>>> print(open('protein-v6.tsv').read())   # TSV, C-alpha atoms
chain	number	residue	atom	x	y	z
A	137	MET	CA	1.11	39.21	-23.66
A	138	ASP	CA	4.17	40.11	-21.65
A	139	ASP	CA	3.56	42.20	-18.48
A	140	LEU	CA	5.89	44.94	-19.71
A	141	MET	CA	3.91	45.27	-22.91
A	142	ILE	CA	0.64	45.46	-20.98
A	143	ILE	CA	2.11	48.22	-18.81
A	144	GLU	CA	3.22	50.05	-21.96
A	145	LEU	CA	-0.37	49.86	-23.22
A	146	TYR	CA	-1.52	51.51	-19.97
A	147	PHE	CA	1.06	54.22	-20.46
A	148	ALA	CA	-0.19	54.71	-24.00
A	149	ARG	CA	-3.74	54.95	-22.55
A	150	ASP	CA	-4.75	52.13	-24.85
A	151	GLU	CA	-7.89	50.38	-23.63
A	152	GLN	CA	-6.52	47.15	-25.01
A	153	ALA	CA	-4.46	47.16	-21.79
A	154	ILE	CA	-7.55	46.28	-19.75
A	155	LYS	CA	-8.52	43.54	-22.18
A	156	GLU	CA	-5.04	42.04	-21.99
A	157	THR	CA	-5.02	42.33	-18.20
A	158	ASP	CA	-8.34	40.52	-18.06
A	159	ILE	CA	-7.08	37.75	-20.37
A	160	LYS	CA	-3.94	37.24	-18.32
A	161	TYR	CA	-5.02	37.96	-14.76
A	162	GLY	CA	-8.82	38.05	-14.79
A	163	ARG	CA	-9.18	34.57	-13.39
A	164	LEU	CA	-6.53	35.08	-10.72
A	165	CYS	CA	-8.15	38.34	-9.59
A	166	PHE	CA	-11.55	36.67	-9.49
A	167	THR	CA	-10.11	33.86	-7.32
A	168	VAL	CA	-8.65	36.42	-4.91
A	169	ALA	CA	-11.98	38.24	-4.71
A	170	ILE	CA	-14.23	35.23	-4.38
A	171	ASN	CA	-12.05	33.71	-1.65
A	172	ILE	CA	-12.70	36.81	0.40
A	173	LEU	CA	-16.26	37.63	-0.57
A	174	CYS	CA	-17.71	34.21	-1.42
A	175	ASN	CA	-20.08	35.86	-3.83
A	176	ASP	CA	-19.84	35.77	-7.63
A	177	GLU	CA	-21.54	39.08	-8.25
A	178	ASP	CA	-19.51	41.01	-5.69
A	179	SER	CA	-16.33	39.36	-6.92
A	180	GLU	CA	-17.02	40.31	-10.56
A	181	GLU	CA	-17.57	43.90	-9.47
A	182	CYS	CA	-14.36	43.84	-7.48
A	183	VAL	CA	-12.41	42.62	-10.48
A	184	ASN	CA	-13.86	45.38	-12.62
A	185	ASP	CA	-13.04	47.93	-9.93
A	186	THR	CA	-9.51	46.53	-9.94
A	187	TYR	CA	-9.14	47.24	-13.67
A	188	LEU	CA	-10.39	50.77	-13.13
A	189	SER	CA	-7.96	51.25	-10.26
A	190	VAL	CA	-5.05	49.92	-12.32
A	191	TRP	CA	-6.06	52.23	-15.18
A	192	ASN	CA	-5.97	55.18	-12.78
A	193	LYS	CA	-2.68	54.20	-11.14
A	194	ILE	CA	-0.70	53.46	-14.32
A	195	PRO	CA	0.68	55.95	-15.17
A	196	PRO	CA	2.42	57.36	-13.19
A	197	THR	CA	3.09	54.13	-11.27
A	198	ARG	CA	5.23	51.61	-13.12
A	199	PRO	CA	4.93	48.37	-11.13
A	200	ASN	CA	7.93	46.08	-11.00
A	201	ASN	CA	5.73	43.07	-10.37
A	202	PHE	CA	2.50	43.54	-12.26
A	203	MET	CA	0.93	40.29	-11.05
A	204	ALA	CA	1.42	41.14	-7.38
A	205	PHE	CA	0.39	44.74	-8.03
A	206	ILE	CA	-2.96	43.78	-9.52
A	207	CYS	CA	-3.59	41.03	-6.94
A	208	LYS	CA	-2.95	43.47	-4.09
A	209	ILE	CA	-5.46	45.93	-5.52
A	210	THR	CA	-8.07	43.17	-5.83
A	211	ARG	CA	-7.38	41.98	-2.30
A	212	ASN	CA	-7.69	45.50	-0.87
A	213	LEU	CA	-10.88	46.22	-2.73
A	214	SER	CA	-12.35	42.86	-1.73
A	215	ILE	CA	-11.55	43.39	1.95
A	216	LYS	CA	-13.13	46.87	1.79
A	217	ARG	CA	-16.23	45.43	0.20
A	218	LEU	CA	-16.27	42.69	2.81
A	219	ASP	CA	-16.33	45.34	5.54
A	220	ASN	CA	-19.37	46.86	3.85
A	221	ASN	CA	-21.01	43.46	3.55
A	222	LYS	CA	-20.33	42.73	7.20
A	223	ALA	CA	-22.35	45.80	8.05
A	224	ARG	CA	-25.11	44.07	6.10
A	225	LYS	CA	-24.44	40.85	8.03
A	226	ARG	CA	-23.04	38.91	5.09
A	227	THR	CA	-20.12	37.03	6.58
A	228	PRO	CA	-18.20	34.59	4.40
A	229	GLU	CA	-15.78	31.84	5.30
A	230	SER	CA	-12.73	34.08	4.99
A	231	PHE	CA	-13.65	35.21	8.49
A	232	VAL	CA	-12.12	32.01	9.81
A	233	SER	CA	-8.79	33.06	8.33
A	234	PHE	CA	-9.20	36.53	9.80
A	235	THR	CA	-9.83	35.09	13.26
A	236	GLU	CA	-6.84	32.77	12.99
A	237	LEU	CA	-4.61	35.66	11.96
A	238	GLU	CA	-5.92	37.89	14.71
A	239	ASP	CA	-4.93	35.19	17.19
A	240	VAL	CA	-1.35	35.68	16.02
A	241	LEU	CA	-1.44	39.38	16.77
A	242	PRO	CA	-4.62	40.89	18.24
A	243	ASP	CA	-5.29	44.52	17.29
A	244	ASN	CA	-5.09	45.69	20.89
A	245	SER	CA	-1.60	44.26	21.29
A	246	ILE	CA	-0.15	46.09	18.26
A	247	MET	CA	1.69	49.28	19.16
A	248	ARG	CA	-0.34	52.13	17.68
A	249	GLU	CA	2.60	53.95	16.14
A	250	ILE	CA	3.61	50.94	14.10
A	251	GLU	CA	2.46	51.12	10.50
A	252	ASN	CA	0.85	48.19	8.70
A	253	ALA	CA	3.61	48.44	6.12
A	254	GLU	CA	6.18	47.80	8.83
A	255	ILE	CA	4.33	44.74	10.11
A	256	GLY	CA	4.04	43.54	6.48
A	257	LYS	CA	7.80	43.90	6.08
A	258	LEU	CA	8.42	41.82	9.20
A	259	ILE	CA	5.99	39.14	8.01
A	260	SER	CA	7.90	39.08	4.69
A	261	GLU	CA	11.16	38.56	6.55
A	262	PHE	CA	9.60	35.78	8.60
A	263	LEU	CA	8.20	34.05	5.51
A	264	LYS	CA	11.50	34.25	3.64
A	265	HIS	CA	13.07	32.13	6.36
A	266	GLU	CA	10.32	29.53	6.29
A	267	LYS	CA	10.54	26.34	4.24
A	268	PRO	CA	9.08	26.86	0.74
A	269	GLU	CA	6.16	24.51	1.39
A	270	SER	CA	5.20	26.18	4.68
A	271	ARG	CA	5.66	29.60	3.13
A	272	ALA	CA	3.46	28.74	0.15
A	273	VAL	CA	0.74	27.25	2.36
A	274	PHE	CA	0.80	30.31	4.65
A	275	ILE	CA	0.54	32.80	1.79
A	276	ARG	CA	-2.16	30.80	0.03
A	277	LYS	CA	-4.18	30.73	3.23
A	278	TYR	CA	-3.70	34.21	4.68
A	279	TRP	CA	-3.03	36.28	1.61
A	280	PHE	CA	-5.19	34.56	-1.00
A	281	PHE	CA	-7.60	33.11	1.57
A	282	ASP	CA	-7.70	29.74	-0.19
A	283	SER	CA	-9.60	27.07	1.71
A	284	VAL	CA	-7.66	24.30	3.45
A	285	SER	CA	-9.07	21.74	1.02
A	286	ASP	CA	-7.97	23.82	-1.99
A	287	ILE	CA	-4.45	24.17	-0.57
A	288	ALA	CA	-4.30	20.45	0.17
A	289	ALA	CA	-5.33	19.66	-3.41
A	290	ARG	CA	-2.95	22.24	-4.87
A	291	TYR	CA	0.13	20.88	-3.10
A	292	SER	CA	-0.89	17.22	-2.74
A	293	PHE	CA	-1.06	17.35	1.05
A	294	THR	CA	-3.73	15.98	3.33
A	295	GLU	CA	-6.00	18.56	4.91
A	296	SER	CA	-4.71	17.70	8.38
A	297	LYS	CA	-1.15	18.26	7.20
A	298	VAL	CA	-2.11	21.71	5.89
A	299	LYS	CA	-3.86	22.58	9.16
A	300	ASN	CA	-0.82	21.40	11.08
A	301	MET	CA	1.56	23.47	8.94
A	302	LEU	CA	-0.60	26.55	9.40
A	303	TYR	CA	-0.82	26.03	13.13
A	304	HIS	CA	2.97	25.84	13.46
A	305	SER	CA	3.55	28.79	11.13
A	306	ARG	CA	1.12	30.96	13.13
A	307	ASN	CA	2.84	30.07	16.38
A	308	LYS	CA	6.26	30.81	14.92
A	309	LEU	CA	5.05	34.11	13.47
A	310	ARG	CA	3.57	35.10	16.84
A	311	GLU	CA	6.91	34.43	18.52
A	312	TYR	CA	8.80	36.23	15.76
A	313	LEU	CA	6.64	39.36	15.95
A	314	LYS	CA	6.90	39.36	19.74
A	315	LYS	CA	10.69	39.13	19.44
A	316	GLU	CA	10.69	42.01	16.95
A	317	GLY	CA	8.84	44.17	19.50
A	318	ILE	CA	5.53	44.58	17.70
A	319	GLU	CA	3.51	43.77	20.79
A	320	VAL	CA	2.62	46.42	23.36
B	6	MET	CA	-16.19	42.41	13.54
B	7	ARG	CA	-13.68	44.72	11.89
B	8	THR	CA	-10.99	43.34	9.61
B	9	PRO	CA	-7.98	42.80	11.91
B	10	ARG	CA	-4.95	45.00	11.32
B	11	ILE	CA	-2.76	42.01	10.66
B	12	VAL	CA	-4.95	41.10	7.69
B	13	ASP	CA	-4.38	44.58	6.28
B	14	ALA	CA	-0.69	44.33	7.15
B	15	MET	CA	-0.44	41.12	5.16
B	16	ASN	CA	-1.20	43.18	2.07
B	17	TYR	CA	2.20	44.84	2.51
B	18	ILE	CA	4.26	41.68	2.20
B	19	ASP	CA	6.79	41.68	-0.64
B	20	ASP	CA	5.41	41.52	-4.16
B	21	ASP	CA	7.85	38.75	-4.92
B	22	LEU	CA	6.35	36.53	-2.24
B	23	VAL	CA	2.87	36.99	-3.68
B	24	SER	CA	3.87	36.19	-7.26
B	25	TRP	CA	6.07	33.34	-6.02
B	26	ALA	CA	3.07	31.80	-4.21
B	27	VAL	CA	1.00	32.04	-7.41
B	28	GLU	CA	3.60	30.24	-9.44
B	29	TYR	CA	4.96	27.84	-6.82
B	30	ARG	CA	4.37	24.18	-7.60
B	31	ARG	CA	5.38	21.62	-5.06
B	32	VAL	CA	7.59	18.97	-6.56
B	33	PRO	CA	6.74	15.49	-5.22
B	34	LEU	CA	9.49	13.72	-3.27
B	35	SER	CA	9.89	11.06	-5.95
B	36	THR	CA	10.57	13.71	-8.60
B	37	ARG	CA	12.97	15.56	-6.30
B	38	LEU	CA	14.90	12.36	-5.69
B	39	PHE	CA	15.19	11.63	-9.38
B	40	ARG	CA	16.78	15.02	-9.94
B	41	LYS	CA	19.92	13.64	-8.30
B	42	PRO	CA	22.17	12.23	-11.03
B	43	PHE	CA	23.31	9.25	-8.98
B	44	LEU	CA	19.76	8.13	-8.19
B	45	LYS	CA	18.76	8.77	-11.77
B	46	ALA	CA	21.61	6.51	-12.93
B	47	CYS	CA	20.55	3.81	-10.45
B	48	ALA	CA	16.97	3.98	-11.67
B	49	CYS	CA	18.11	3.72	-15.30
B	50	PHE	CA	20.26	0.73	-14.43
B	51	LEU	CA	17.37	-1.00	-12.68
B	52	VAL	CA	15.02	-0.40	-15.59
B	53	LEU	CA	17.63	-1.67	-18.04
B	54	ALA	CA	18.29	-4.76	-15.93
B	55	LEU	CA	14.56	-5.41	-15.71
B	56	VAL	CA	14.08	-5.06	-19.47
B	57	LEU	CA	17.05	-7.30	-20.24
B	58	GLY	CA	15.84	-9.82	-17.67
B	59	VAL	CA	12.40	-9.97	-19.22
B	60	VAL	CA	13.81	-10.31	-22.74
B	61	PHE	CA	16.17	-13.05	-21.57
B	62	LEU	CA	13.42	-14.98	-19.85
B	63	ARG	CA	10.96	-14.76	-22.72
B	64	GLY	CA	10.75	-17.31	-25.44
B	65	GLU	CA	10.26	-16.35	-29.06
B	66	ASN	CA	6.51	-16.66	-28.82
B	67	GLY	CA	6.39	-14.45	-25.77
B	68	ASN	CA	5.86	-17.11	-23.14
B	69	VAL	CA	7.96	-16.79	-20.06
B	70	VAL	CA	10.44	-19.67	-19.93
B	71	THR	CA	11.85	-20.08	-16.48
B	72	SER	CA	12.07	-23.86	-16.57
B	73	PRO	CA	15.18	-25.50	-15.16
B	74	PHE	CA	14.37	-28.49	-17.36
B	75	VAL	CA	16.05	-29.13	-20.67
B	76	LEU	CA	13.79	-31.13	-22.92
B	77	THR	CA	15.75	-33.48	-25.16
B	78	ALA	CA	14.50	-35.38	-28.18
B	79	TYR	CA	16.10	-38.61	-29.37
B	80	ALA	CA	16.69	-39.67	-32.95
B	81	MET	CA	18.33	-42.69	-34.49
B	82	SER	CA	21.68	-42.11	-36.05
B	83	ALA	CA	22.62	-43.58	-39.41
B	84	GLU	CA	26.29	-43.44	-38.56
B	85	SER	CA	26.30	-44.68	-34.99
B	86	SER	CA	24.44	-47.15	-32.84
B	87	ASP	CA	23.94	-44.45	-30.20
B	88	ALA	CA	20.88	-42.23	-30.46
B	89	VAL	CA	21.37	-38.56	-31.34
B	90	LYS	CA	20.20	-36.25	-28.54
B	91	THR	CA	19.01	-32.76	-29.42
B	92	GLU	CA	17.78	-30.15	-26.98
B	93	LEU	CA	14.47	-28.62	-27.93
B	94	GLU	CA	14.15	-24.88	-28.31
B	95	THR	CA	10.99	-22.98	-28.98
B	96	GLY	CA	10.27	-22.73	-32.68
B	97	ALA	CA	13.16	-24.98	-33.83
B	98	LYS	CA	12.49	-28.33	-35.44
B	99	VAL	CA	14.79	-31.13	-34.34
B	100	PRO	CA	14.99	-34.70	-35.64
B	101	ILE	CA	13.19	-37.37	-33.64
B	102	SER	CA	12.69	-41.10	-34.20
B	103	SER	CA	10.46	-43.87	-32.95
B	104	PHE	CA	12.26	-46.30	-30.64
B	105	VAL	CA	11.23	-49.82	-29.67
B	106	THR	CA	10.97	-50.56	-25.97
B	107	ASP	CA	11.51	-53.80	-24.06
B	108	SER	CA	7.77	-54.19	-23.70
B	109	GLY	CA	7.31	-54.23	-27.47
B	110	VAL	CA	5.69	-50.84	-27.99
B	111	SER	CA	7.35	-48.10	-30.04
B	112	GLY	CA	7.32	-44.40	-29.40
B	113	PHE	CA	9.07	-41.08	-29.66
B	114	VAL	CA	11.43	-40.48	-26.77
B	115	PHE	CA	12.10	-37.31	-24.78
B	116	SER	CA	13.99	-36.76	-21.57
B	117	THR	CA	14.32	-34.11	-18.87
B	118	PRO	CA	16.76	-33.93	-15.97
B	119	ASN	CA	15.50	-35.44	-12.73
B	120	THR	CA	15.53	-32.46	-10.36
B	121	ASN	CA	13.71	-34.20	-7.54
B	122	ASP	CA	16.32	-35.73	-5.27
B	123	ASP	CA	13.80	-37.87	-3.43
B	124	MET	CA	12.37	-39.46	-6.58
B	125	PRO	CA	14.15	-42.08	-8.71
B	126	ALA	CA	14.51	-41.53	-12.46
B	127	SER	CA	11.61	-42.97	-14.42
B	128	ILE	CA	10.37	-43.88	-17.90
B	129	SER	CA	6.81	-42.65	-18.49
B	130	ILE	CA	4.44	-43.44	-21.30
B	131	ILE	CA	2.51	-40.61	-22.85
B	132	THR	CA	-0.30	-41.73	-25.11
B	133	HIS	CA	-3.80	-40.98	-26.26
B	134	GLY	CA	-4.35	-44.68	-26.95
B	135	ASN	CA	-4.60	-47.69	-24.64
B	136	TYR	CA	-1.21	-49.05	-23.78
B	137	TYR	CA	-0.51	-50.71	-20.50
B	138	ALA	CA	3.17	-51.34	-20.46
B	139	TYR	CA	6.04	-51.17	-18.02
B	140	ILE	CA	9.16	-49.97	-19.74
B	141	GLN	CA	12.59	-50.56	-18.36
B	142	GLU	CA	14.65	-50.33	-21.53
B	143	ILE	CA	14.55	-48.44	-24.76
B	144	VAL	CA	16.41	-50.07	-27.59
B	145	GLY	CA	19.24	-47.84	-28.81
B	146	ILE	CA	19.21	-45.53	-25.77
B	147	THR	CA	21.46	-46.00	-22.78
B	148	ILE	CA	19.30	-45.15	-19.79
B	149	ASP	CA	20.84	-42.36	-17.71
B	150	PRO	CA	19.78	-42.57	-14.02
B	151	ASP	CA	19.80	-38.73	-13.78
B	152	LEU	CA	17.15	-38.35	-16.47
B	153	ASN	CA	13.43	-38.92	-16.64
B	154	TYR	CA	12.28	-40.38	-19.94
B	155	TYR	CA	8.98	-39.90	-21.71
B	156	VAL	CA	7.89	-42.24	-24.48
B	157	PHE	CA	5.13	-40.81	-26.62
B	158	ILE	CA	3.07	-43.47	-28.35
B	159	PRO	CA	0.64	-42.00	-30.91
B	160	GLY	CA	-2.89	-43.40	-30.83
B	161	GLU	CA	-3.96	-45.72	-33.60
B	162	ASN	CA	-6.27	-43.18	-35.19
B	163	GLU	CA	-4.18	-40.15	-34.33
B	164	VAL	CA	-3.22	-37.96	-37.27
B	165	GLN	CA	-0.17	-35.82	-37.74
B	166	PRO	CA	1.10	-33.54	-36.51
B	167	TYR	CA	1.02	-35.20	-33.11
B	168	THR	CA	0.75	-32.93	-30.13
B	169	VAL	CA	2.58	-34.10	-27.03
B	170	PHE	CA	2.21	-32.61	-23.55
B	171	ILE	CA	5.08	-33.25	-21.18
B	172	SER	CA	4.77	-31.89	-17.64
B	173	PRO	CA	7.82	-32.39	-15.43
B	174	ILE	CA	7.40	-31.21	-11.84
B	175	ASN	CA	10.01	-29.42	-9.80
B	176	LEU	CA	9.00	-30.27	-6.25
B	177	ASN	CA	11.71	-28.08	-4.79
B	178	GLU	CA	10.03	-25.00	-6.23
B	179	ASN	CA	6.54	-26.46	-6.27
B	180	LEU	CA	6.21	-25.74	-9.98
B	181	VAL	CA	5.04	-27.73	-12.94
B	182	TYR	CA	6.38	-26.90	-16.40
B	183	GLU	CA	4.03	-27.72	-19.22
B	184	TYR	CA	5.82	-28.32	-22.50
B	185	THR	CA	3.79	-28.55	-25.68
B	186	VAL	CA	5.62	-30.34	-28.48
B	187	SER	CA	4.49	-31.00	-32.02
B	188	ILE	CA	5.78	-34.02	-33.98
B	189	SER	CA	5.38	-34.06	-37.73
B	190	GLN	CA	6.76	-36.12	-40.59
B	191	GLN	CA	8.70	-34.54	-43.41
B	192	GLY	CA	9.69	-37.06	-46.05
B	193	GLU	CA	10.80	-40.13	-44.20
B	194	GLU	CA	12.01	-38.25	-41.14
B	195	TYR	CA	10.11	-37.08	-38.08
B	196	TYR	CA	10.75	-33.72	-36.50
B	197	ALA	CA	9.80	-32.39	-33.08
B	198	GLU	CA	9.13	-28.73	-32.40
B	199	LEU	CA	8.71	-27.13	-28.98
B	200	LEU	CA	5.62	-24.93	-29.24
B	201	GLU	CA	5.44	-23.44	-25.77
B	202	VAL	CA	6.39	-23.80	-22.12
B	203	ILE	CA	3.98	-22.70	-19.41
B	204	THR	CA	4.81	-22.61	-15.73
B	205	ARG	CA	2.16	-23.34	-13.15
B	206	GLU	CA	2.20	-23.64	-9.41
B	207	VAL	CA	1.51	-27.13	-8.09
B	208	ILE	CA	-1.67	-27.07	-6.04
B	209	MET	CA	-1.33	-29.49	-3.13
B	210	LYS	CA	-4.61	-30.80	-1.79
>>> encode(input="protein-v6.tsv", output="structure tokens")
Amino acid sequence: MDDLMIIELYFARDEQAIKETDIKYGRLCFTVAINILCNDEDSEECVNDTYLSVWNKIPPTRPNNFMAFICKITRNLSIKRLDNNKARKRTPESFVSFTELEDVLPDNSIMREIENAEIGKLISEFLKHEKPESRAVFIRKYWFFDSVSDIAARYSFTESKVKNMLYHSRNKLREYLKKEGIEV
Amino acid sequence: MRTPRIVDAMNYIDDDLVSWAVEYRRVPLSTRLFRKPFLKACACFLVLALVLGVVFLRGENGNVVTSPFVLTAYAMSAESSDAVKTELETGAKVPISSFVTDSGVSGFVFSTPNTNDDMPASISIITHGNYYAYIQEIVGITIDPDLNYYVFIPGENEVQPYTVFISPINLNENLVYEYTVSISQQGEEYYAELLEVITREVIMK
């Protein structure tokens, strides 16, 4: 079913909307969740929480990009759950990605008054100027938290090529953010 | 360890980038190249040339014929004292006759061009029987020094159709061409038919 029609179902408060969302994006949401949590049960719960959140947000929100909208909710919920799990000492592989990203811009070097949304906007600008392949690899790794081997298989690269691309992208992003005055 | 701020900040990147990354499929270099019309045309031309080349080089029965040799069969002519020469082609029956040689034996005569510069033209006997003869002349055929001749003498107990194997060697290319010819009688006339030509590399020991 078309995204616009699914959104209309939400506006009509038709529960079929959740069914259609699950058919179309259930697998994608589960992938986002499991990449972060590395746990089937937690990921299933996150996906269900996502549907509930979407149900509560639409209406009044009318997302322009329903796929990104739902993925972002899943990602946020998964990261929150991961924080809870970390308190229970359950640390998945996505931590590696976190550490790599933190190397780009450590928390203590970010100016406190700068909002996350503003940093996100700058990262978007940076990515838009990257080559499509580098951009895709970066987003797959640090937004979807795909493993290096999955990215290599997805784009027919070797794993070392993917690691190399990520290394260069991180360095370039660090320089870009420094130039844009994000650092203290 | 807390989730770094930059990980949270990543969640604010443009929606379009996220959906683009979901749908993005890397196109392999080969496919990207073939999108260019000129390269596409070149590729089509190459494929066409290859197909035409293969068709041209293949005989009717599918065997690859790359032989530089033309196999010729000789038949007696009712109208002239000179023998009639007909080039053999796969699947086509051509007239052939039995000629008497200076050593007294009779046989069906074929010839191929002599492509080996270092070797003189020769007259060879091909037989399944026991004939020890040295042939210098074939009655009714003017010997051409640029041709190699093959005289096929059927064995005494050999039945028709006769199968003749002629294997001229091209030493320049180190290849041997194996012709298989069938000779059969129809009425009072004999006809030769080229069945196949196989090319093999000469193995030097």
>>> closest_residue(input="protein-v6.tsv", among="A:Met203, A:Leu140, A:Leu313, A:Met247", to="Tyr161 (chain A)", atoms="all atoms listed in the file")
A:Met203
>>> closest_atom_pairs(input="protein-v6.tsv", of="chain A", to="chain B", cutoff="9 Å", atoms="only C-alpha atoms", output="CSV")
residue,atom,partner,partner_atom,distance
A:Leu164,CA,B:Val27,CA,8.8
A:Asn200,CA,B:Asp20,CA,8.6
A:Asn201,CA,B:Asp20,CA,6.4
A:Phe202,CA,B:Asp20,CA,8.8
A:Met203,CA,B:Ser24,CA,6.3
A:Ala204,CA,B:Asp20,CA,5.1
A:Phe205,CA,B:Asp20,CA,7.1
A:Cys207,CA,B:Val23,CA,8.3
A:Lys208,CA,B:Asn16,CA,6.4
A:Arg211,CA,B:Asn16,CA,7.7
A:Asn212,CA,B:Asn16,CA,7.5
A:Ile215,CA,B:Thr8,CA,7.7
A:Lys216,CA,B:Thr8,CA,8.8
A:Leu218,CA,B:Thr8,CA,8.6
A:Asp219,CA,B:Arg7,CA,6.9
A:Lys222,CA,B:Met6,CA,7.6
A:Ala223,CA,B:Met6,CA,8.9
A:Phe231,CA,B:Thr8,CA,8.6
A:Ser233,CA,B:Val12,CA,8.9
A:Phe234,CA,B:Val12,CA,6.6
A:Thr235,CA,B:Pro9,CA,8.0
A:Leu237,CA,B:Ile11,CA,6.7
A:Glu238,CA,B:Pro9,CA,6.0
A:Val240,CA,B:Ile11,CA,8.4
A:Leu241,CA,B:Ile11,CA,6.8
A:Pro242,CA,B:Pro9,CA,7.4
A:Asp243,CA,B:Arg10,CA,6.0
A:Ile246,CA,B:Arg10,CA,8.5
A:Glu251,CA,B:Ala14,CA,8.2
A:Asn252,CA,B:Ala14,CA,4.4
A:Ala253,CA,B:Tyr17,CA,5.3
A:Glu254,CA,B:Ala14,CA,7.9
A:Ile255,CA,B:Ala14,CA,5.8
A:Gly256,CA,B:Tyr17,CA,4.6
A:Lys257,CA,B:Ile18,CA,5.7
A:Leu258,CA,B:Ile18,CA,8.1
A:Ile259,CA,B:Ile18,CA,6.6
A:Ser260,CA,B:Ile18,CA,5.1
A:Glu261,CA,B:Ile18,CA,8.7
A:Leu263,CA,B:Leu22,CA,8.3
A:Lys264,CA,B:Leu22,CA,8.1
A:Pro268,CA,B:Arg31,CA,8.6
A:Glu269,CA,B:Arg31,CA,7.1
A:Arg271,CA,B:Ala26,CA,8.1
A:Ala272,CA,B:Ala26,CA,5.3
A:Val273,CA,B:Ala26,CA,8.3
A:Ile275,CA,B:Ala26,CA,6.6
A:Arg276,CA,B:Ala26,CA,6.8
A:Tyr278,CA,B:Val12,CA,7.6
A:Trp279,CA,B:Met15,CA,6.5
A:Phe280,CA,B:Val23,CA,8.8
A:Arg290,CA,B:Arg30,CA,8.0
A:Tyr291,CA,B:Arg31,CA,5.7
A:Ser292,CA,B:Arg31,CA,8.0
>>> residues_around(input="protein-v6.tsv", residues="region 297-308 of chain A", least_positions_apart="6", cutoff="7 Å", atoms="only C-alpha atoms", output="PDB file with C-alpha atoms, in the coordinates of the input")
ATOM      1  CA  VAL A 240      -1.350  35.680  16.020  1.00  0.00           C
ATOM      2  CA  SER A 270       5.200  26.180   4.680  1.00  0.00           C
ATOM      3  CA  PHE A 274       0.800  30.310   4.650  1.00  0.00           C
ATOM      4  CA  VAL A 284      -7.660  24.300   3.450  1.00  0.00           C
ATOM      5  CA  ALA A 288      -4.300  20.450   0.170  1.00  0.00           C
TER       6      ALA A 288
END
>>> residues_near_point(input="protein-v6.tsv", point="(13.2, -30.0, -6.0)", cutoff="8 Å", atoms="all atoms listed in the file", output="PyMOL selection string")
chain B and resi 120-122+175-179
>>> atom_distance(input="protein-v6.tsv", atom1="CA of Pro195 (chain A)", atom2="CA of Val183 (chain A)")
19.3 Å
>>> residues_around(input="protein-v6.tsv", residues="Asn184 (chain A)", least_positions_apart="3", cutoff="12 Å", atoms="all atoms listed in the file", output="list in words")
Ile154, Lys155, Thr157, Asp158, Tyr161, Gly162, Arg163, Cys165, Phe166, Ala169, Glu177, Asp178, Ser179, Glu180, Glu181, Tyr187, Leu188, Ser189, Val190, Trp191, Ile206, Ile209, Thr210, Leu213 and Ser214 of chain A
>>> axis_aligned_box(input="protein-v6.tsv", around="region 141-154 of chain B", padding_each_side="6 Å", output="lines of an AutoDock Vina configuration file")
center_x = 16.9
center_y = -44.5
center_z = -21.3
size_x = 21.2
size_y = 24.2
size_z = 27.0
>>> atom_distance(input="protein-v6.tsv", atom1="CA of Met137 (chain A)", atom2="CA of Ile159 (chain A)")
8.9 Å
>>> residues_around(input="protein-v6.tsv", residues="Asn171 (chain A)", least_positions_apart="3", cutoff="8 Å", atoms="all atoms listed in the file", output="compact mmCIF listing (two decimals) with C-alpha atoms, in the coordinates of the input")
# COMPACT_ATOMS: atom_id res chain seq x y z
CA THR A 167 -10.11 33.86 -7.32
CA VAL A 168 -8.65 36.42 -4.91
CA CYS A 174 -17.71 34.21 -1.42
CA SER A 230 -12.73 34.08 4.99
CA PHE A 280 -5.19 34.56 -1.00
CA PHE A 281 -7.60 33.11 1.57
CA ASP A 282 -7.70 29.74 -0.19
CA SER A 283 -9.60 27.07 1.71
>>> atom_distance(input="protein-v6.tsv", atom1="CA of Thr95 (chain B)", atom2="CA of Asp149 (chain B)")
24.5 Å
>>> residues_around(input="protein-v6.tsv", residues="Glu94 (chain B)", least_positions_apart="4", cutoff="9 Å", atoms="all atoms listed in the file", output="list in words")
Gly64, Val75, Leu76, Lys98, Val99, Glu198, Leu199 and Leu200 of chain B
>>> residues_around(input="protein-v6.tsv", residues="Ile194 (chain A)", least_positions_apart="2", cutoff="9 Å", atoms="all atoms listed in the file", output="list in words")
Ile143, Tyr146, Phe147, Arg149, Ser189, Val190, Trp191, Asn192, Pro196, Thr197, Arg198 and Pro199 of chain A
>>> closest_residue(input="protein-v6.tsv", among="B:Leu51, B:Ile140, B:Ile101, B:Val89", to="Gln190 (chain B)", atoms="all atoms listed in the file")
B:Ile101
>>> closest_residue(input="protein-v6.tsv", among="B:Ile188, B:Ile174, B:Ala97, B:Ala197", to="Pro118 (chain B)", atoms="all atoms listed in the file")
B:Ile174
>>> closest_residue(input="protein-v6.tsv", among="A:Cys182, A:Ile172, A:Ile318, A:Leu145", to="Lys277 (chain A)", atoms="only C-alpha atoms")
A:Ile172
>>> decode(input="protein-v6.tsv", residues="region 169-180 of chain B", atoms="C-alpha atoms", output="PDB file, in the first residue's frame")
ATOM      1  CA  VAL B 169      38.675 -42.046 -46.085  1.00  0.00           C
ATOM      2  CA  PHE B 170      40.708 -40.065 -43.555  1.00  0.00           C
ATOM      3  CA  ILE B 171      42.986 -37.413 -44.990  1.00  0.00           C
ATOM      4  CA  SER B 172      45.145 -35.445 -42.550  1.00  0.00           C
ATOM      5  CA  PRO B 173      47.212 -32.655 -44.087  1.00  0.00           C
ATOM      6  CA  ILE B 174      49.507 -30.841 -41.666  1.00  0.00           C
ATOM      7  CA  ASN B 175      50.143 -27.130 -41.597  1.00  0.00           C
ATOM      8  CA  LEU B 176      53.562 -26.911 -39.984  1.00  0.00           C
ATOM      9  CA  ASN B 177      53.496 -23.135 -39.981  1.00  0.00           C
ATOM     10  CA  GLU B 178      50.588 -23.162 -37.551  1.00  0.00           C
ATOM     11  CA  ASN B 179      51.420 -26.516 -36.015  1.00  0.00           C
ATOM     12  CA  LEU B 180      47.957 -27.834 -36.831  1.00  0.00           C
TER      13      LEU B 180
END
